[in-house]
Amino acid sequence: MLNYVMEYSELLKSFKKIVEIDGHKILVVLLADQVYAIHDRCTHLGASLSKGTLEDKSVTCKSHGAKFDLQSGEVLDKAHVGFIKMPTKKTVTYQTKVENGKVYIEL
């Protein structure tokens with residue numbers, strides 16, 4: 001089911017925004033003219049990915065450096081403390097649709 005989450009113009013101003021749908025906190029990102037939606041919590045220790053760095057269709061958790069692909073949720077780099085890599089699981093991503101200036105997420 002498609003869920004309306006915001007006007008596309010809102011995303012143009014901030015490039016990322018957290019929305020909540022049925023208790024799921026979702027980070028919505030505009031990067032290189034593409035809208036992505038990913039679970040807002042890092043699978044390592046639960047830090048908010050919204051505080052992380054966005055680049056090359058990925059988000060890097062600010063806490064321990066876990067890096068996730070925005071489209072697939074795959075782990076591109078595990079969380080680490082110093083040189084020690086920590087267990088990090090794939091995260092959930094959601095399909096997005098932009099239509100008539102509105103952003104929708106499939107949940």
# chains A, B, ... in the order shown; residues from 1 in each chain; ligands from 1

$ residues_around --residues "Ser50 (chain A)" --least-positions-apart "4" --cutoff "8 Å" --atoms "only C-alpha atoms" --output "compact mmCIF listing (two decimals) with C-alpha atoms, in the first residue's frame"
# COMPACT_ATOMS: atom_id res chain seq x y z
CA LYS A 16 16.41 14.17 4.17
CA LYS A 17 13.54 13.79 6.58
CA ILE A 18 12.32 11.21 9.09
CA LEU A 27 14.57 8.08 6.70
CA ASP A 40 16.13 5.02 10.30

$ residues_around --residues "Lys85 (chain A)" --least-positions-apart "6" --cutoff "12 Å" --atoms "only C-alpha atoms" --output "tab-separated table (two decimals) with N, CA and C atoms, in the first residue's frame"
chain	number	residue	atom	x	y	z
A	44	HIS	N	23.49	-2.05	13.85
A	44	HIS	CA	24.54	-2.36	14.80
A	44	HIS	C	24.08	-2.08	16.23
A	64	HIS	N	29.31	4.43	14.55
A	64	HIS	CA	30.41	3.48	14.39
A	64	HIS	C	30.77	3.18	12.94
A	65	GLY	N	30.28	4.02	12.01
A	65	GLY	CA	30.73	3.92	10.63
A	65	GLY	C	30.11	2.84	9.76
A	66	ALA	N	29.05	2.19	10.22
A	66	ALA	CA	28.38	1.21	9.35
A	66	ALA	C	27.82	1.94	8.14
A	77	ASP	N	29.85	-1.44	4.43
A	77	ASP	CA	30.99	-1.44	5.35
A	77	ASP	C	30.43	-1.70	6.74
A	78	LYS	N	31.00	-2.68	7.44
A	78	LYS	CA	30.52	-3.02	8.78
A	78	LYS	C	30.87	-1.92	9.77
A	79	ALA	N	30.10	-1.89	10.86
A	79	ALA	CA	30.41	-0.97	11.96
A	79	ALA	C	31.79	-1.35	12.50

$ residues_around --residues "Glu7 (chain A)" --least-positions-apart "3" --cutoff "10 Å" --atoms "only C-alpha atoms" --output "VMD selection string"
chain A and resid 4 10 to 12 98 to 104

$ atom_distance --atom1 "CA of Thr96 (chain A)" --atom2 "CA of Ala37 (chain A)"
6.7 Å

$ residues_around --residues "Met1 (chain A)" --least-positions-apart "6" --cutoff "9 Å" --atoms "only C-alpha atoms" --output "mmCIF file with C-alpha atoms, in the first residue's frame"
data_model
loop_
_atom_site.group_PDB
_atom_site.id
_atom_site.type_symbol
_atom_site.label_atom_id
_atom_site.label_comp_id
_atom_site.auth_asym_id
_atom_site.auth_seq_id
_atom_site.Cartn_x
_atom_site.Cartn_y
_atom_site.Cartn_z
ATOM 1 C CA ILE A 105 6.379 5.071 0.350
ATOM 2 C CA GLU A 106 5.286 1.467 -0.148
ATOM 3 C CA LEU A 107 4.947 -0.292 3.200
#

$ atom_distance --atom1 "CA of Lys89 (chain A)" --atom2 "CA of Glu74 (chain A)"
7.9 Å

$ residues_around --residues "Val92 (chain A)" --least-positions-apart "2" --cutoff "10 Å" --atoms "only C-alpha atoms" --output "list in words"
Ile26, Ala37, Ile38, His39, Asp40, Arg41, Thr43, Phe68, Leu70, Gln71, Ser72, Gly73, Glu74, Lys89, Lys90 and Tyr94 of chain A
